[in-house]
$ cat structure27.txt   # compact mmCIF, C-alpha atoms
# COMPACT_ATOMS: atom_id res chain seq x y z
CA MET A 1 12.29 -6.78 61.68
CA THR A 2 14.87 -4.69 63.50
CA ASP A 3 17.22 -2.07 62.12
CA THR A 4 20.21 -3.91 63.56
CA ALA A 5 21.35 -6.99 61.67
CA LEU A 6 24.19 -8.03 63.92
CA GLU A 7 25.28 -6.81 67.31
CA ALA A 8 27.99 -8.02 69.64
CA ALA A 9 28.44 -6.94 73.25
CA ALA A 10 31.70 -7.79 75.01
CA LEU A 11 31.73 -10.96 72.95
CA GLY A 12 34.56 -13.39 73.71
CA LYS A 13 35.51 -16.87 72.57
CA ARG A 14 38.33 -18.96 73.97
CA PHE A 15 39.90 -22.07 72.52
CA ARG A 16 41.59 -23.85 75.43
CA ARG A 17 43.68 -21.10 76.95
CA ARG A 18 43.88 -18.79 73.94
CA TRP A 19 41.31 -16.05 73.36
CA ALA A 20 40.36 -16.13 69.67
CA LEU A 21 38.08 -13.14 70.16
CA ARG A 22 37.90 -10.86 73.14
CA ASP A 23 35.76 -7.98 74.30
CA CYS A 24 34.26 -7.60 70.87
CA THR A 25 31.58 -4.88 70.73
CA PHE A 26 30.00 -3.48 67.59
CA ARG A 27 26.67 -2.90 65.89
CA LEU A 28 25.93 -3.52 62.23
CA PRO A 29 22.80 -1.79 60.89
CA ALA A 30 20.57 -3.78 58.54
CA GLY A 31 21.12 -3.38 54.81
CA ARG A 32 24.87 -2.85 55.01
CA VAL A 33 27.58 -4.74 53.23
CA CYS A 34 30.23 -5.23 55.88
CA ALA A 35 33.84 -6.25 55.37
CA VAL A 36 35.40 -8.19 58.19
CA VAL A 37 39.10 -7.61 57.71
CA GLY A 38 42.16 -8.76 59.60
CA PRO A 39 45.27 -10.90 59.29
CA ASN A 40 45.09 -14.68 59.35
CA GLY A 41 44.21 -15.92 62.80
CA ALA A 42 42.79 -12.59 63.91
CA GLY A 43 39.40 -14.04 64.84
CA LYS A 44 37.34 -13.35 61.70
CA SER A 45 36.13 -16.93 61.24
CA THR A 46 35.43 -17.25 64.96
CA LEU A 47 33.24 -14.14 64.84
CA LEU A 48 31.28 -15.41 61.82
CA ALA A 49 30.83 -18.86 63.38
CA LEU A 50 29.56 -17.22 66.58
CA ALA A 51 27.07 -15.17 64.56
CA ALA A 52 25.97 -18.29 62.69
CA GLY A 53 25.40 -20.05 65.99
CA LEU A 54 27.96 -22.76 65.29
CA LEU A 55 30.07 -21.74 68.28
CA ALA A 56 28.94 -20.65 71.71
CA PRO A 57 30.65 -17.64 73.29
CA GLU A 58 32.47 -17.81 76.63
CA ASP A 59 31.77 -14.15 77.25
CA GLY A 60 29.23 -11.55 76.22
CA THR A 61 26.42 -11.89 73.71
CA VAL A 62 25.84 -11.82 69.98
CA THR A 63 22.43 -10.74 68.70
CA VAL A 64 21.40 -11.73 65.18
CA LEU A 65 18.40 -10.06 63.51
CA GLY A 66 17.11 -9.05 66.92
CA THR A 67 17.30 -12.49 68.49
CA ASP A 68 19.79 -15.21 69.40
CA PRO A 69 21.71 -17.00 66.62
CA ALA A 70 19.77 -20.26 66.96
CA SER A 71 16.35 -18.59 66.61
CA ALA A 72 17.54 -16.51 63.66
CA ARG A 73 18.93 -19.49 61.76
CA ALA A 74 16.11 -19.75 59.20
CA ARG A 75 16.77 -16.12 58.17
CA VAL A 76 20.56 -16.39 58.03
CA GLY A 77 22.76 -17.77 55.26
CA TYR A 78 26.26 -18.88 56.21
CA VAL A 79 29.05 -20.11 53.97
CA ALA A 80 32.07 -21.41 55.87
CA GLN A 81 35.59 -20.93 54.61
CA ASP A 82 35.98 -24.54 53.39
CA LYS A 83 32.58 -24.44 51.57
CA PRO A 84 31.30 -27.71 53.05
CA LEU A 85 29.07 -29.61 50.61
CA TYR A 86 28.21 -33.28 50.17
CA PRO A 87 30.85 -34.57 47.71
CA GLN A 88 28.78 -37.55 46.54
CA LEU A 89 25.77 -35.44 45.47
CA THR A 90 25.44 -33.86 42.03
CA VAL A 91 24.96 -30.12 41.63
CA ALA A 92 21.26 -30.62 40.86
CA GLU A 93 20.84 -32.88 43.90
CA THR A 94 22.61 -30.35 46.09
CA LEU A 95 20.23 -27.60 45.01
CA ARG A 96 17.22 -29.91 45.49
CA THR A 97 18.46 -30.63 49.01
CA GLY A 98 18.63 -26.89 49.60
CA ALA A 99 15.02 -26.57 48.46
CA ASP A 100 13.89 -29.40 50.78
CA LEU A 101 15.78 -28.02 53.76
CA ASN A 102 14.43 -24.49 53.35
CA PRO A 103 10.70 -24.92 52.79
CA GLY A 104 8.83 -21.71 52.06
CA ARG A 105 11.95 -19.63 51.52
CA TRP A 106 13.64 -21.28 48.56
CA ASP A 107 14.13 -19.37 45.32
CA ALA A 108 14.84 -22.16 42.83
CA ALA A 109 15.22 -19.77 39.91
CA ALA A 110 17.92 -17.78 41.72
CA ALA A 111 19.78 -20.95 42.69
CA GLU A 112 19.83 -22.19 39.12
CA ARG A 113 20.76 -18.80 37.72
CA ILE A 114 23.79 -18.47 40.01
CA ALA A 115 24.91 -22.04 39.42
CA ALA A 116 24.40 -21.72 35.66
CA GLY A 117 26.70 -18.70 35.48
CA GLY A 118 29.73 -20.97 35.81
CA ASP A 119 28.92 -23.48 33.05
CA LEU A 120 28.24 -26.02 35.76
CA ASP A 121 26.94 -29.37 34.62
CA PRO A 122 23.94 -30.08 36.90
CA LYS A 123 24.80 -33.78 36.71
CA ALA A 124 28.40 -33.29 37.84
CA ARG A 125 29.20 -34.56 41.31
CA VAL A 126 30.37 -31.98 43.84
CA ARG A 127 33.50 -34.08 44.41
CA SER A 128 34.61 -33.43 40.81
CA LEU A 129 34.20 -29.63 40.95
CA SER A 130 37.02 -27.09 41.10
CA GLY A 131 37.35 -24.83 44.12
CA GLY A 132 35.73 -21.95 42.27
CA GLN A 133 32.81 -24.10 41.13
CA ARG A 134 32.25 -25.33 44.69
CA THR A 135 32.17 -21.72 45.87
CA ARG A 136 29.54 -21.00 43.25
CA VAL A 137 27.35 -23.91 44.39
CA ALA A 138 27.77 -22.91 48.04
CA LEU A 139 26.80 -19.29 47.26
CA ALA A 140 23.83 -20.47 45.19
CA LEU A 141 22.61 -22.46 48.22
CA ALA A 142 23.08 -19.54 50.60
CA LEU A 143 21.49 -16.93 48.31
CA ALA A 144 18.52 -19.04 47.19
CA LYS A 145 17.48 -19.26 50.80
CA ARG A 146 16.68 -15.51 50.56
CA PRO A 147 18.40 -14.77 53.85
CA GLU A 148 18.07 -11.44 55.61
CA LEU A 149 21.66 -11.79 56.78
CA LEU A 150 24.37 -13.46 54.76
CA LEU A 151 27.59 -14.49 56.53
CA LEU A 152 30.41 -15.34 54.14
CA ASP A 153 33.80 -16.49 55.38
CA GLU A 154 36.50 -15.73 52.79
CA PRO A 155 33.98 -16.19 49.97
CA MET A 156 36.25 -15.07 47.14
CA ALA A 157 39.45 -16.91 48.09
CA ASP A 158 39.09 -19.74 45.54
CA LEU A 159 37.83 -17.67 42.64
CA ASP A 160 39.61 -16.43 39.54
CA PRO A 161 39.33 -12.67 38.91
CA LEU A 162 36.51 -13.05 36.40
CA ALA A 163 34.35 -15.24 38.66
CA ARG A 164 35.18 -13.00 41.61
CA HIS A 165 33.89 -9.93 39.81
CA GLU A 166 30.79 -11.72 38.58
CA LEU A 167 29.89 -13.26 41.94
CA MET A 168 30.55 -10.00 43.76
CA GLY A 169 28.09 -8.47 41.27
CA VAL A 170 25.58 -11.20 42.16
CA LEU A 171 25.99 -10.40 45.86
CA MET A 172 25.55 -6.67 45.23
CA VAL A 173 22.35 -7.31 43.24
CA GLN A 174 21.09 -9.35 46.18
CA ALA A 175 21.79 -6.40 48.47
CA ALA A 176 20.19 -3.92 46.03
CA GLN A 177 17.04 -5.94 45.40
CA HIS A 178 16.31 -7.48 48.77
CA GLY A 179 18.17 -5.22 51.18
CA THR A 180 20.11 -8.25 52.38
CA THR A 181 22.76 -7.50 54.99
CA ILE A 182 26.01 -9.09 53.90
CA VAL A 183 29.00 -9.74 56.14
CA MET A 184 32.08 -11.07 54.40
CA SER A 185 35.58 -11.67 55.64
CA SER A 186 38.86 -11.41 53.84
CA HIS A 187 42.47 -10.68 54.57
CA VAL A 188 42.73 -8.89 51.23
CA VAL A 189 41.34 -5.40 51.70
CA ALA A 190 41.45 -4.48 48.03
CA GLU A 191 39.11 -7.37 47.28
CA LEU A 192 36.33 -5.80 49.32
CA GLU A 193 36.91 -2.12 48.75
CA GLY A 194 34.14 -0.65 46.68
CA SER A 195 31.71 -3.43 47.43
CA CYS A 196 31.50 -2.86 51.17
CA ASP A 197 30.19 0.22 52.97
CA HIS A 198 30.93 -0.92 56.50
CA LEU A 199 34.17 -2.13 58.06
CA LEU A 200 35.02 -4.31 60.99
CA LEU A 201 38.78 -4.53 61.43
CA ILE A 202 39.88 -7.29 63.77
CA GLY A 203 43.45 -7.63 64.99
CA ASP A 204 44.60 -10.15 67.53
CA GLY A 205 41.08 -11.01 68.62
CA ARG A 206 39.98 -7.43 69.22
CA VAL A 207 37.95 -4.92 67.25
CA ARG A 208 40.28 -2.18 66.04
CA LEU A 209 37.97 -0.24 63.76
CA ALA A 210 34.23 -0.47 63.32
CA GLY A 211 31.85 1.74 61.40
CA GLU A 212 30.85 3.13 58.04
CA ILE A 213 33.90 3.13 55.77
CA ASP A 214 33.26 6.74 54.68
CA ASP A 215 33.10 7.88 58.31
CA LEU A 216 36.25 5.97 59.24
CA LEU A 217 38.17 7.45 56.32
CA ALA A 218 36.89 10.93 57.13
CA ALA A 219 38.00 10.56 60.76
CA HIS A 220 41.60 9.97 59.70
CA THR A 221 44.11 12.13 57.88
CA ARG A 222 47.43 11.32 56.36
CA VAL A 223 49.84 14.18 57.03
CA SER A 224 53.39 14.95 56.06
CA GLY A 225 55.62 17.77 57.16
CA PRO A 226 58.97 18.65 58.72
CA ALA A 227 60.43 16.02 61.04
CA GLN A 228 60.59 18.42 63.99
CA GLY A 229 56.91 19.34 63.59
CA SER A 230 54.53 18.71 66.43
CA LEU A 231 51.28 16.84 65.97
CA GLY A 232 49.89 18.46 69.10
CA ASP A 233 47.09 16.52 70.70
CA HIS A 234 45.85 14.78 67.59
CA THR A 235 45.59 11.03 68.04
CA VAL A 236 48.54 9.50 66.22
CA VAL A 237 47.91 6.03 64.81
CA GLU A 238 51.26 5.74 63.09
CA SER A 239 54.14 8.08 62.44
CA ARG A 240 57.39 7.64 60.63
CA THR A 241 60.39 9.92 60.08
CA THR A 242 62.40 9.75 56.89
CA GLY A 243 65.27 12.22 56.79
CA ARG A 244 63.74 15.65 57.33
CA GLN A 245 60.20 14.52 56.67
CA LEU A 246 57.65 13.10 59.01
CA THR A 247 54.62 11.26 57.71
CA ALA A 248 51.82 10.13 59.94
CA LEU A 249 48.31 8.82 60.02
CA ILE A 250 46.31 10.70 62.61
CA ARG A 251 42.82 11.25 63.90
CA PRO A 252 42.60 15.03 64.04
CA THR A 253 41.05 16.40 67.20
CA GLY A 254 40.75 19.87 65.70
CA PRO A 255 42.06 21.97 62.81
CA LEU A 256 45.55 21.13 61.58
CA SER A 257 48.27 23.74 61.55
CA ASP A 258 49.50 24.95 58.17
CA ASP A 259 52.84 23.14 58.51
CA TRP A 260 51.16 19.91 57.56
CA ARG A 261 50.14 18.73 54.15
CA ALA A 262 47.04 16.66 54.65
CA SER A 263 45.36 14.07 52.48
CA MET A 264 42.69 11.45 52.82
CA PRO A 265 44.06 7.93 53.45
CA THR A 266 42.95 4.98 51.37
CA LEU A 267 41.13 2.13 53.07
CA GLU A 268 44.18 -0.06 52.72
CA GLU A 269 46.46 2.54 54.33
CA LEU A 270 44.01 2.88 57.18
CA VAL A 271 43.84 -0.87 57.76
CA LEU A 272 47.59 -1.44 57.48
CA ALA A 273 48.44 1.44 59.80
CA HIS A 274 46.18 0.01 62.48
CA LEU A 275 47.50 -3.52 62.07
CA ARG A 276 51.13 -2.39 62.17
CA ASN A 277 50.47 -0.48 65.37
CA PRO A 278 48.54 -2.74 67.74
CA ASP A 279 48.81 -0.15 70.51
CA ALA A 280 47.03 2.58 68.56
CA PRO A 281 43.63 3.26 70.13
CA ALA A 282 40.68 1.52 68.52
CA LEU A 283 37.89 3.51 66.89
CA THR A 284 34.47 2.00 67.26
CA PRO A 285 31.60 4.49 67.14
CA THR A 286 29.37 2.16 69.12
CA GLN A 287 31.72 2.11 72.09
CA THR A 288 29.17 1.78 74.82
CA PRO A 289 30.94 1.69 78.17
CA SER A 290 28.33 -0.51 79.76
CA PRO A 291 24.68 -1.24 79.00
CA ALA A 292 23.62 0.58 82.18
CA GLU A 293 24.95 3.95 81.06
CA SER A 294 23.95 3.94 77.44
CA GLY A 295 23.07 7.64 77.86
CA SER A 296 26.78 8.46 77.99
CA GLY A 297 26.96 7.47 74.33
CA ALA A 298 26.40 11.20 73.71
CA ALA A 299 30.00 11.81 74.75
CA SER A 300 31.43 9.55 72.07
CA GLY A 301 28.85 10.90 69.65
CA SER A 302 30.00 14.49 70.06
CA ALA A 303 33.62 13.38 69.74
CA SER A 304 32.97 11.76 66.37
CA GLY A 305 30.92 14.81 65.41
CA SER A 306 33.86 17.14 65.92
CA GLU A 307 35.98 14.78 63.86
CA SER A 308 33.66 15.01 60.92
CA GLU A 309 33.45 18.78 61.31
CA SER A 310 37.20 19.14 61.17
CA GLU A 311 37.13 16.91 58.11
CA GLU A 312 34.73 19.27 56.37
CA THR A 313 36.77 22.36 57.10
CA ARG A 314 39.89 20.63 55.92
CA ALA A 315 38.68 18.75 52.83
CA MET B 316 22.35 5.15 28.55
CA VAL B 317 25.76 5.37 30.19
CA ALA B 318 28.03 2.60 31.39
CA TYR B 319 30.10 3.51 34.42
CA ARG B 320 33.73 2.55 34.67
CA ILE B 321 35.01 2.45 38.22
CA ASP B 322 38.72 2.94 38.79
CA ARG B 323 39.56 1.68 42.26
CA ARG B 324 43.12 2.99 42.11
CA SER B 325 42.22 6.57 41.24
CA GLY B 326 41.84 7.70 44.85
CA VAL B 327 38.57 9.38 43.87
CA ALA B 328 35.59 8.17 45.91
CA THR B 329 33.48 5.74 43.92
CA TYR B 330 30.29 7.79 44.18
CA VAL B 331 32.18 10.85 42.97
CA GLN B 332 33.36 8.88 39.95
CA ILE B 333 29.74 8.08 39.08
CA VAL B 334 28.75 11.74 39.52
CA GLN B 335 31.68 12.89 37.39
CA GLN B 336 31.07 10.36 34.64
CA THR B 337 27.38 11.27 34.51
CA LYS B 338 28.25 14.96 34.22
CA GLN B 339 30.81 14.18 31.57
CA ALA B 340 28.14 12.28 29.61
CA LEU B 341 25.83 15.28 30.01
CA ARG B 342 28.50 17.67 28.74
CA LEU B 343 29.29 15.49 25.77
CA GLY B 344 25.62 15.03 24.91
CA LEU B 345 25.77 11.27 25.54
CA LEU B 346 22.95 11.82 28.00
CA MET B 347 20.06 14.13 27.13
CA PRO B 348 17.08 15.37 29.14
CA GLY B 349 14.52 12.57 29.44
CA ASP B 350 17.12 9.81 29.24
CA LYS B 351 17.06 7.17 31.93
CA LEU B 352 20.08 6.40 34.06
CA PRO B 353 20.86 2.72 34.63
CA THR B 354 19.15 1.28 37.70
CA ALA B 355 21.21 0.60 40.82
CA ARG B 356 20.76 -3.10 40.14
CA GLU B 357 22.18 -2.77 36.64
CA VAL B 358 25.15 -0.74 37.83
CA VAL B 359 26.08 -3.07 40.68
CA GLU B 360 25.69 -6.17 38.54
CA ALA B 361 28.17 -4.76 36.02
CA THR B 362 30.63 -3.12 38.42
CA ALA B 363 30.29 -5.14 41.67
CA ILE B 364 30.23 -1.90 43.66
CA ASN B 365 28.00 -1.34 46.65
CA PRO B 366 24.39 -0.38 45.77
CA ASN B 367 24.36 2.35 48.42
CA THR B 368 27.23 4.00 46.54
CA VAL B 369 25.14 4.22 43.38
CA LEU B 370 22.17 5.59 45.28
CA LYS B 371 24.41 8.15 46.98
CA ALA B 372 25.70 9.32 43.58
CA TYR B 373 22.17 9.58 42.20
CA ARG B 374 21.03 11.53 45.25
CA GLU B 375 23.91 13.93 44.70
CA LEU B 376 22.95 14.39 41.03
CA GLU B 377 19.35 14.91 42.09
CA ARG B 378 20.38 17.48 44.69
CA GLU B 379 22.17 19.40 41.95
CA GLY B 380 18.98 19.33 39.90
CA LEU B 381 20.50 17.32 37.06
CA VAL B 382 18.33 14.24 37.40
CA GLU B 383 15.06 13.29 39.05
CA ALA B 384 13.94 10.03 40.55
CA ARG B 385 10.48 8.95 39.46
CA ARG B 386 9.01 6.47 41.86
CA GLY B 387 8.93 2.95 40.46
CA LEU B 388 10.21 4.11 37.09
CA GLY B 389 13.84 5.03 37.60
CA THR B 390 16.10 8.05 37.52
CA PHE B 391 15.83 10.45 34.58
CA VAL B 392 17.96 13.28 33.26
CA ARG B 393 16.35 16.68 33.83
CA LYS B 394 18.75 19.00 32.12
CA SER B 395 21.97 18.92 30.21
CA LEU B 396 25.22 20.62 31.14
CA GLY B 397 26.70 23.35 29.01
CA THR B 398 30.45 23.67 28.83
CA ALA B 399 32.17 26.86 29.94
CA PRO B 400 32.13 29.20 26.93
CA ALA B 401 35.49 29.19 25.21
CA ASP B 402 35.54 32.96 24.59
CA SER B 403 34.57 34.18 28.05
CA PRO B 404 36.49 37.07 29.67
CA LEU B 405 37.73 34.62 32.32
CA ARG B 406 39.39 32.55 29.67
CA THR B 407 41.06 35.65 28.21
CA GLU B 408 42.46 36.60 31.61
CA LEU B 409 43.73 33.08 32.21
CA ASP B 410 45.28 33.08 28.79
CA ALA B 411 47.17 36.30 29.51
CA TRP B 412 48.23 34.97 32.92
CA ALA B 413 49.63 31.79 31.36
CA ALA B 414 51.61 33.86 28.87
CA ARG B 415 53.08 35.98 31.69
CA ALA B 416 53.95 32.84 33.67
CA ARG B 417 55.88 31.53 30.70
CA GLU B 418 57.68 34.82 30.20
CA ALA B 419 58.63 34.70 33.89
CA GLY B 420 60.44 31.43 33.16
CA LEU B 421 57.98 28.92 34.62
CA ASP B 422 57.75 25.63 32.80
CA ARG B 423 54.59 23.60 32.21
CA ASP B 424 54.86 21.62 35.47
CA ASP B 425 55.45 24.78 37.52
CA VAL B 426 52.34 26.38 36.05
CA ALA B 427 50.26 23.25 36.53
CA ALA B 428 51.36 22.97 40.17
CA LEU B 429 50.59 26.64 40.79
CA PHE B 430 47.20 26.41 39.12
CA THR B 431 46.28 23.24 41.02
CA ALA B 432 47.29 24.82 44.32
CA VAL B 433 45.11 27.88 43.68
CA LEU B 434 42.27 25.68 42.46
CA GLU B 435 42.52 23.64 45.65
CA LYS B 436 42.48 26.79 47.74
CA HIS B 437 39.37 28.27 46.17
CA PHE B 438 37.35 25.15 45.53
CA GLN B 439 38.26 23.34 48.71
CA GLY B 440 35.63 20.78 49.61
CA ASP B 441 33.43 21.56 46.62
CA PRO B 442 32.09 18.56 44.78
CA SER B 443 33.84 18.37 41.43

$ encode --input "structure27.txt" --output "structure tokens"
Amino acid sequence: MTDTALEAAALGKRFRRRWALRDCTFRLPAGRVCAVVGPNGAGKSTLLALAAGLLAPEDGTVTVLGTDPASARARVGYVAQDKPLYPQLTVAETLRTGADLNPGRWDAAAAERIAAGGDLDPKARVRSLSGGQRTRVALALALAKRPELLLLDEPMADLDPLARHELMGVLMVQAAQHGTTIVMSSHVVAELEGSCDHLLLIGDGRVRLAGEIDDLLAAHTRVSGPAQGSLGDHTVVESRTTGRQLTALIRPTGPLSDDWRASMPTLEELVLAHLRNPDAPALTPTQTPSPAESGSGAASGSASGSESESEETRA
Amino acid sequence: MVAYRIDRRSGVATYVQIVQQTKQALRLGLLMPGDKLPTAREVVEATAINPNTVLKAYRELEREGLVEARRGLGTFVRKSLGTAPADSPLRTELDAWAARAREAGLDRDDVAALFTAVLEKHFQGDPS
């Protein structure tokens, strides 16, 4: 058992001539609940499929639970966006298939408990189920396998608000009880806020933000002040002038001058500001220049340290 | 036992909301010494928030000496929270200050803004 659930190094995937994912580097510690966020077509599904071992990368490597995706497969649960199930099987048959395909790992009680939450008739055929019910069956299959890493591609998209809340609760219990690492994608940030403690923001095939959500929020400040004010050498992610006022989202490099009113951004503001400004520098704490000089990670470490210090003095 | 209500739009960090609501329950006597807080599993099942958030809130309460974690048993209230006495000299001073502010022509919003600004200045970064 390693303390890293998922790690990508310069990972890239190309479909014909288009790069769906490029130069993707991050590390996800075990036991986290990670949101993979980005607009449609950003590369979220490609990343999850690479981690699940369903796609092979053109570039770089992805390490899953300390090994390659194929060797980790028995310990990984993956639910694709379209929730593929056998339409001709009944719910009960589907769960029995799950038990047969996962010998030694299957938790039949958990599978039935999750499926039962939605008033599912065990004799109903998968073909006849609603989108939300299919999601429930797919999650029951993935969770009953007792995976160490759970990869969920847009898991909540088909669910009504009630089922979404309930199933998110089920996922959080899984994380609390078994320390399962959960990676789930969505293009709706609000859906994941609160449930996730780690963020991977992907825009246009590249990692824009990666890290603990609390750290990422603390590294950024929303400021407003007079339009002629200078933001000095703080890193500006986004800035906008309205009349005499300037508002900006910045990464402070030191204390802010008194001209600025500062506040903590919300996760959604942080995500939107980075997506609206593709040229803003990415922030990924695990930026390791190359494997050979991993010692130079101290440089980026001290940089993020000063950011959190300035946060403390300011907060 | 308390039930936490998480408001995602409040702008207050989720773990802080749990800390605040626990303290509020302690002040109101809804939680007494010896009472057990809900387990992380119970909280996340009901609220769908991240379990680490609950644990972070409980650690914070423990650090402040309000609760204690007993291995394998759960988290228990150690002491209750008294409210600030209503007749303290501080209250009298504040009372007089508010009266002067009104005489000076400030309205309720002016006073609230002033008070909040001073509060911010002196309690900057303190956990609420």

$ residues_around --input "structure27.txt" --residues "region 202-216 of chain A" --least-positions-apart "2" --cutoff "6 Å" --atoms "only C-alpha atoms" --output "PyMOL selection string"
chain A and resi 20-22+24+38+42-43+197-200+218-219+282-284

$ write_last_selection --input "structure27.txt" --atoms "C-alpha atoms" --output "PDB file, keeping the file's coordinate frame"
ATOM      1  CA  ALA A  20      40.360 -16.130  69.670  1.00  0.00           C
ATOM      2  CA  LEU A  21      38.080 -13.140  70.160  1.00  0.00           C
ATOM      3  CA  ARG A  22      37.900 -10.860  73.140  1.00  0.00           C
ATOM      4  CA  CYS A  24      34.260  -7.600  70.870  1.00  0.00           C
ATOM      5  CA  GLY A  38      42.160  -8.760  59.600  1.00  0.00           C
ATOM      6  CA  ALA A  42      42.790 -12.590  63.910  1.00  0.00           C
ATOM      7  CA  GLY A  43      39.400 -14.040  64.840  1.00  0.00           C
ATOM      8  CA  ASP A 197      30.190   0.220  52.970  1.00  0.00           C
ATOM      9  CA  HIS A 198      30.930  -0.920  56.500  1.00  0.00           C
ATOM     10  CA  LEU A 199      34.170  -2.130  58.060  1.00  0.00           C
ATOM     11  CA  LEU A 200      35.020  -4.310  60.990  1.00  0.00           C
ATOM     12  CA  ALA A 218      36.890  10.930  57.130  1.00  0.00           C
ATOM     13  CA  ALA A 219      38.000  10.560  60.760  1.00  0.00           C
ATOM     14  CA  ALA A 282      40.680   1.520  68.520  1.00  0.00           C
ATOM     15  CA  LEU A 283      37.890   3.510  66.890  1.00  0.00           C
ATOM     16  CA  THR A 284      34.470   2.000  67.260  1.00  0.00           C
TER      17      THR A 284
END

$ interface_residues --input "structure27.txt" --of "chain A" --to "chain B" --cutoff "6 Å" --atoms "only C-alpha atoms" --output "PDB file with C-alpha atoms, in the coordinates of the input"
ATOM      1  CA  MET A 168      30.550 -10.000  43.760  1.00  0.00           C
ATOM      2  CA  GLY A 169      28.090  -8.470  41.270  1.00  0.00           C
ATOM      3  CA  MET A 172      25.550  -6.670  45.230  1.00  0.00           C
ATOM      4  CA  VAL A 173      22.350  -7.310  43.240  1.00  0.00           C
ATOM      5  CA  ALA A 176      20.190  -3.920  46.030  1.00  0.00           C
ATOM      6  CA  GLY A 194      34.140  -0.650  46.680  1.00  0.00           C
ATOM      7  CA  SER A 195      31.710  -3.430  47.430  1.00  0.00           C
ATOM      8  CA  CYS A 196      31.500  -2.860  51.170  1.00  0.00           C
ATOM      9  CA  ALA A 315      38.680  18.750  52.830  1.00  0.00           C
TER      10      ALA A 315
END

$ closest_residue --input "structure27.txt" --among "B:Tyr373, B:Tyr319, B:Phe391, B:Phe430" --to "Gln339 (chain B)" --atoms "only C-alpha atoms"
B:Tyr319

$ residues_around --input "structure27.txt" --residues "Val76 (chain A)" --least-positions-apart "2" --cutoff "9 Å" --atoms "all atoms listed in the file" --output "list in words"
Ala52, Val64, Leu65, Pro69, Ala72, Arg73, Ala74, Tyr78, Ala142, Lys145, Arg146, Pro147, Glu148, Leu149, Leu150 and Leu151 of chain A

$ write_last_selection --input "structure27.txt" --atoms "C-alpha atoms" --output "mmCIF file, keeping the file's coordinate frame"
data_model
loop_
_atom_site.group_PDB
_atom_site.id
_atom_site.type_symbol
_atom_site.label_atom_id
_atom_site.label_comp_id
_atom_site.auth_asym_id
_atom_site.auth_seq_id
_atom_site.Cartn_x
_atom_site.Cartn_y
_atom_site.Cartn_z
ATOM 1 C CA ALA A 52 25.970 -18.290 62.690
ATOM 2 C CA VAL A 64 21.400 -11.730 65.180
ATOM 3 C CA LEU A 65 18.400 -10.060 63.510
ATOM 4 C CA PRO A 69 21.710 -17.000 66.620
ATOM 5 C CA ALA A 72 17.540 -16.510 63.660
ATOM 6 C CA ARG A 73 18.930 -19.490 61.760
ATOM 7 C CA ALA A 74 16.110 -19.750 59.200
ATOM 8 C CA TYR A 78 26.260 -18.880 56.210
ATOM 9 C CA ALA A 142 23.080 -19.540 50.600
ATOM 10 C CA LYS A 145 17.480 -19.260 50.800
ATOM 11 C CA ARG A 146 16.680 -15.510 50.560
ATOM 12 C CA PRO A 147 18.400 -14.770 53.850
ATOM 13 C CA GLU A 148 18.070 -11.440 55.610
ATOM 14 C CA LEU A 149 21.660 -11.790 56.780
ATOM 15 C CA LEU A 150 24.370 -13.460 54.760
ATOM 16 C CA LEU A 151 27.590 -14.490 56.530
#

$ closest_residue --input "structure27.txt" --among "A:Leu141, A:Leu47, A:Val237, A:Val189" --to "Trp19 (chain A)" --atoms "all atoms listed in the file"
A:Leu47

$ atom_distance --input "structure27.txt" --atom1 "CA of Leu352 (chain B)" --atom2 "CA of Ala318 (chain B)"
9.2 Å

$ atom_distance --input "structure27.txt" --atom1 "CA of Leu217 (chain A)" --atom2 "CA of Leu275 (chain A)"
15.5 Å

$ residues_around --input "structure27.txt" --residues "Ala80 (chain A)" --least-positions-apart "5" --cutoff "9 Å" --atoms "all atoms listed in the file" --output "NGL selection string"
:A and (45 or 48-49 or 151-155)

$ atom_distance --input "structure27.txt" --atom1 "CA of Gly12 (chain A)" --atom2 "CA of Leu54 (chain A)"
14.2 Å

$ closest_residue --input "structure27.txt" --among "A:Gly98, A:Gly60, A:Gly254, A:Gly229" --to "Gly77 (chain A)" --atoms "all atoms listed in the file"
A:Gly98

$ closest_residue --input "structure27.txt" --among "A:Lys44, A:Arg134, A:His178, A:Arg276" --to "Lys13 (chain A)" --atoms "only C-alpha atoms"
A:Lys44

$ axis_aligned_box --input "structure27.txt" --around "region 253-267 of chain A" --padding-each-side "6 Å" --output "lines of an AutoDock Vina configuration file"
center_x = 46.8
center_y = 13.5
center_z = 59.3
size_x = 24.1
size_y = 34.8
size_z = 27.8

$ closest_residue --input "structure27.txt" --among "B:Leu421, B:Val392, B:Met316, B:Leu434" --to "Glu377 (chain B)" --atoms "only C-alpha atoms"
B:Val392

$ closest_residue --input "structure27.txt" --among "A:Ala56, A:Gly118, A:Leu95, A:Leu28" --to "Leu162 (chain A)" --atoms "all atoms listed in the file"
A:Gly118
